[in-house]
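Structure first, commentary second.
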Amino acid sequence: MSVPAPKIVIAPDSFKGSLSAEAVAAAVTAGLRRVWPDARCIAVPMADGGEGTLDACLSAGGERRRMTIAGASGAPLAAELGIVERDGRRVAIVEIAQAVGITEPVGMSISVAARTTRGVGELMRHALDLGLRDFLVGLGGSSTNDGGAGLLMGLGARFLDHDGREVHPSPGSLSRLARIALDDFDPRIAECRITLMSDVNNPLAGPRGATAIFGPQKGVTPDEHPAFDAAIAHFAVLANQAFGVDAAERPGAGAAGGLGYALQLLGGEFRSGAEVVADLLGLDAALSGADWAITGEGRTDAQTLLGKTPFVVARRALQQHVPVTLLSGAVDRAALPALGKIYSGCFSLVFGPTTLERAIADAPELLADSAEQLARLRTAGALPEASGGA
């Protein structure tokens, strides 16, 4: 007996280094429609606060603004800001990877000792000039380790040494900091509501802090670690005094090389990035009455179950009794027992031995082929049915 063409929600994260979440959803849709040409495929491109968050948030509509800011190296960089409507208010979408992304070649070409987040502050200031006072800030994918000092400078803070000379807001210079002056700090920040999108709960400094845990992937060497950690801890003592807020030990202060700390000084509050994006894009409404959901990411392992995009999609789907299948670029076999408690099947894209470069290049075709085979399994009755109707 044939199965009617179902309503299917396709809600993947991006496949890092390969495809955007929107492109992943489009490829999966193409494969499904080889089996069900009239399928109701609803794409909800997802993100969790890292690279691709801006594109995901704008996938359902909104405005994109391009502007020139200082990149992590200080060189001019073209970056984008998103504007969406939420609860009747205009909201700025700030993806810090746009300003200080770890894949941005010019920023990564200089030592992490000299990189700064000043451009993030400039991006926020542009949003303030546009009249925006609500911010959703995605904190993933940064190349910096300055404790958010650059962000504060970009918003008008001045960093001075004992002789009143300017101090560069970078981990290689912050040890000379003696005073933070806020005379020219942008007063409009006090009017803002700032939501920080990240699942990182590390403090700013110490053995679980930004430098120790995330510094190595940005280029911090073991020899540099003690000095950098001490420099941002020293900066935090002075910043706490200047702003009248002690945020260095708060969960998430170590996110994005300490941007989580600086933004909490300004009143920022953390939420799961995937949950924020799911709410913004109306994932629950899309899942209502669906027969099936498909999610995925570049690589799935046990960490996915700690709140990454595919887990959030699965949890929300199962709350509505919609079975959900995982289709990722790679799946860690060791995580299958835990993943199998949630997903109606976990699948990888590759059909045989290949190189990573080849898999990335062929990702659209591999996704479409895999989705087609999943649809054929469902047609054959091998995948569970949802309790909701099409």
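Ligands are numbered from 1 in the order shown, residues from 1 within each chain, and chains are lettered A, B, ... in the order they appear in the structure tokens.
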Would you mind listing what lies within 7 Å of Arg90 of chain A as a VMD selection string, with only C-alpha atoms counted and same-chain residues fewer than 3 positions away left out? chain A and resid 83 to 86 132 134
Distance query Trp36 of chain A at most 12 Å, only C-alpha atoms, self and fewer than 2 positions along chain excluded, as a PDB file with C-alpha atoms, in the first residue's frame:
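Generated file (around-v1.pdb):
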ATOM      1  CA  SER A   2       1.444   3.361  -0.946  1.00  0.00           C
ATOM      2  CA  VAL A   3       2.005   6.051   1.667  1.00  0.00           C
ATOM      3  CA  PRO A   4       0.513   9.500   0.955  1.00  0.00           C
ATOM      4  CA  ALA A   5       3.022  12.273   0.388  1.00  0.00           C
ATOM      5  CA  PRO A   6       3.712  13.555   3.886  1.00  0.00           C
ATOM      6  CA  LYS A   7       4.286  16.933   5.432  1.00  0.00           C
ATOM      7  CA  ILE A   8       8.003  17.041   6.207  1.00  0.00           C
ATOM      8  CA  THR A  29      14.007  18.758  -0.290  1.00  0.00           C
ATOM      9  CA  ALA A  30      15.221  17.960  -3.807  1.00  0.00           C
ATOM     10  CA  GLY A  31      15.913  14.360  -2.821  1.00  0.00           C
ATOM     11  CA  LEU A  32      12.562  13.893  -1.106  1.00  0.00           C
ATOM     12  CA  ARG A  33      10.685  15.200  -4.125  1.00  0.00           C
ATOM     13  CA  ARG A  34      12.191  12.529  -6.337  1.00  0.00           C
ATOM     14  CA  ASP A  38       3.924  16.884  -4.237  1.00  0.00           C
ATOM     15  CA  ALA A  39       5.409  16.560  -0.725  1.00  0.00           C
ATOM     16  CA  ARG A  40       4.784  19.455   1.685  1.00  0.00           C
ATOM     17  CA  CYS A  41       8.432  20.182   2.471  1.00  0.00           C
ATOM     18  CA  ALA A 371      17.170  12.004   1.413  1.00  0.00           C
ATOM     19  CA  GLU A 372      15.754  10.106  -1.557  1.00  0.00           C
ATOM     20  CA  GLN A 373      16.739   6.785   0.013  1.00  0.00           C
ATOM     21  CA  LEU A 374      15.217   7.801   3.354  1.00  0.00           C
ATOM     22  CA  ALA A 375      11.978   8.649   1.566  1.00  0.00           C
ATOM     23  CA  ARG A 376      11.984   5.243  -0.128  1.00  0.00           C
ATOM     24  CA  ARG A 378       9.448   5.490   4.583  1.00  0.00           C
ATOM     25  CA  THR A 379       7.385   4.534   1.543  1.00  0.00           C
TER      26      THR A 379
END
Considering only C-alpha atoms, give me a table of residues in segment 112-192 of chain A that are at most 9 Å from segment 272-280 of chain A, with the closest atom pair and distance in Å for each, as a tab-separated table.
residue	atom	partner	partner_atom	distance
A:Leu136	CA	A:Val276	CA	8.6
A:Val137	CA	A:Gly273	CA	8.9
A:Gly138	CA	A:Gly273	CA	7.1
A:Leu139	CA	A:Gly273	CA	8.8
Would you list, as an mmCIF file with N, CA and C atoms, in the first residue's frame, the residues of segment 157-316 of chain A that end up in strand (DSSP E or B) under DSSP run on this structure's backbone?
data_model
loop_
_atom_site.group_PDB
_atom_site.id
_atom_site.type_symbol
_atom_site.label_atom_id
_atom_site.label_comp_id
_atom_site.auth_asym_id
_atom_site.auth_seq_id
_atom_site.Cartn_x
_atom_site.Cartn_y
_atom_site.Cartn_z
ATOM 1 N N ARG A 158 37.511 54.012 26.945
ATOM 2 C CA ARG A 158 38.920 54.334 26.712
ATOM 3 C C ARG A 158 39.771 53.562 27.710
ATOM 4 N N PHE A 159 40.846 52.956 27.215
ATOM 5 C CA PHE A 159 41.755 52.171 28.044
ATOM 6 C C PHE A 159 43.072 52.920 28.184
ATOM 7 N N LEU A 160 43.480 53.187 29.430
ATOM 8 C CA LEU A 160 44.641 54.034 29.693
ATOM 9 C C LEU A 160 45.633 53.336 30.605
ATOM 10 N N GLU A 166 46.964 55.620 25.692
ATOM 11 C CA GLU A 166 46.006 54.618 25.230
ATOM 12 C C GLU A 166 46.637 53.224 25.249
ATOM 13 N N ARG A 179 43.448 52.040 33.907
ATOM 14 C CA ARG A 179 42.154 52.693 34.138
ATOM 15 C C ARG A 179 41.282 52.568 32.902
ATOM 16 N N ILE A 180 39.983 52.385 33.135
ATOM 17 C CA ILE A 180 39.000 52.382 32.045
ATOM 18 C C ILE A 180 38.115 53.613 32.209
ATOM 19 N N ALA A 181 38.127 54.487 31.221
ATOM 20 C CA ALA A 181 37.325 55.707 31.258
ATOM 21 C C ALA A 181 36.060 55.516 30.437
ATOM 22 N N ARG A 193 18.146 45.747 25.179
ATOM 23 C CA ARG A 193 17.919 44.376 25.632
ATOM 24 C C ARG A 193 18.793 43.480 24.766
ATOM 25 N N ILE A 194 19.726 42.779 25.403
ATOM 26 C CA ILE A 194 20.733 42.002 24.680
ATOM 27 C C ILE A 194 20.602 40.529 25.041
ATOM 28 N N THR A 195 20.290 39.715 24.072
ATOM 29 C CA THR A 195 20.209 38.267 24.263
ATOM 30 C C THR A 195 21.429 37.634 23.620
ATOM 31 N N LEU A 196 22.150 36.823 24.399
ATOM 32 C CA LEU A 196 23.383 36.189 23.945
ATOM 33 C C LEU A 196 23.097 34.744 23.582
ATOM 34 N N MET A 197 23.433 34.371 22.364
ATOM 35 C CA MET A 197 23.135 33.031 21.857
ATOM 36 C C MET A 197 24.381 32.159 21.936
ATOM 37 N N GLU A 269 21.948 38.693 28.533
ATOM 38 C CA GLU A 269 21.494 37.456 29.174
ATOM 39 C C GLU A 269 21.589 36.308 28.179
ATOM 40 N N PHE A 270 22.063 35.156 28.674
ATOM 41 C CA PHE A 270 22.281 34.005 27.813
ATOM 42 C C PHE A 270 21.008 33.202 27.598
ATOM 43 N N ARG A 271 20.878 32.705 26.372
ATOM 44 C CA ARG A 271 19.880 31.694 26.037
ATOM 45 C C ARG A 271 20.503 30.732 25.033
ATOM 46 N N TRP A 292 6.849 13.996 9.681
ATOM 47 C CA TRP A 292 8.249 13.600 9.772
ATOM 48 C C TRP A 292 9.089 14.863 9.842
ATOM 49 N N ALA A 293 10.206 14.792 10.568
ATOM 50 C CA ALA A 293 11.174 15.883 10.600
ATOM 51 C C ALA A 293 12.559 15.323 10.301
ATOM 52 N N ILE A 294 13.354 16.094 9.603
ATOM 53 C CA ILE A 294 14.731 15.727 9.304
ATOM 54 C C ILE A 294 15.630 16.863 9.763
ATOM 55 N N THR A 295 16.668 16.524 10.515
ATOM 56 C CA THR A 295 17.637 17.515 10.960
ATOM 57 C C THR A 295 19.038 16.963 10.741
ATOM 58 N N ARG A 299 28.867 17.363 11.621
ATOM 59 C CA ARG A 299 29.303 16.153 12.322
ATOM 60 C C ARG A 299 28.520 16.040 13.616
ATOM 61 N N THR A 300 27.952 14.864 13.853
ATOM 62 C CA THR A 300 27.181 14.610 15.066
ATOM 63 C C THR A 300 27.942 13.655 15.964
#
Just give me the gap between atom CA of Ala43 of chain A and atom CA of Ile93 of chain A in Å, one decimal is fine.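 We find that atom CA of Ala43 of chain A and atom CA of Ile93 of chain A lie 20.3 Å from each other.
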Return the single residue from A:Gln241, A:Ser328, A:Ser348, A:Thr354 that is closest to Thr309 of chain A, with distances computed using only C-alpha atoms.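 Nearest to Thr309 of chain A: A:Ser328.
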What's around Pro226 of chain A at 9 Å? Count only C-alpha atoms, leave out sequence neighbours fewer than 5 positions away in its own chain, and write the answer as a list in words. Thr211, Ala212 and Ala231 of chain A
Closest to Ile360 of chain A among A:Leu377, A:Ala286, A:Val9, A:Leu19, using only C-alpha atoms?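 Smallest distance to Ile360 of chain A is found for A:Leu19.
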Let's see if you can do this: from backbone DSSP, list all alpha helix (DSSP H) residues in segment 108-232 of chain A, as number ranges by chain. A: 108, 118-129, 149-154, 210-218, 225-232
Determine the nearest neighbour of Ser18 of chain A from the options A:Gly307, A:Gly298, A:Gly50, A:Pro207, counting only C-alpha atoms.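 Nearest to Ser18 of chain A: A:Gly298.
Among the candidate residues A:Ala157, A:Gly62, A:Ala75, A:Arg188, the one lying nearest to Met124 of chain A is A:Arg188, with distances computed using only C-alpha atoms.
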Atom CA of Val24 of chain A to atom CA of Gly52 of chain A measures 12.0 Å
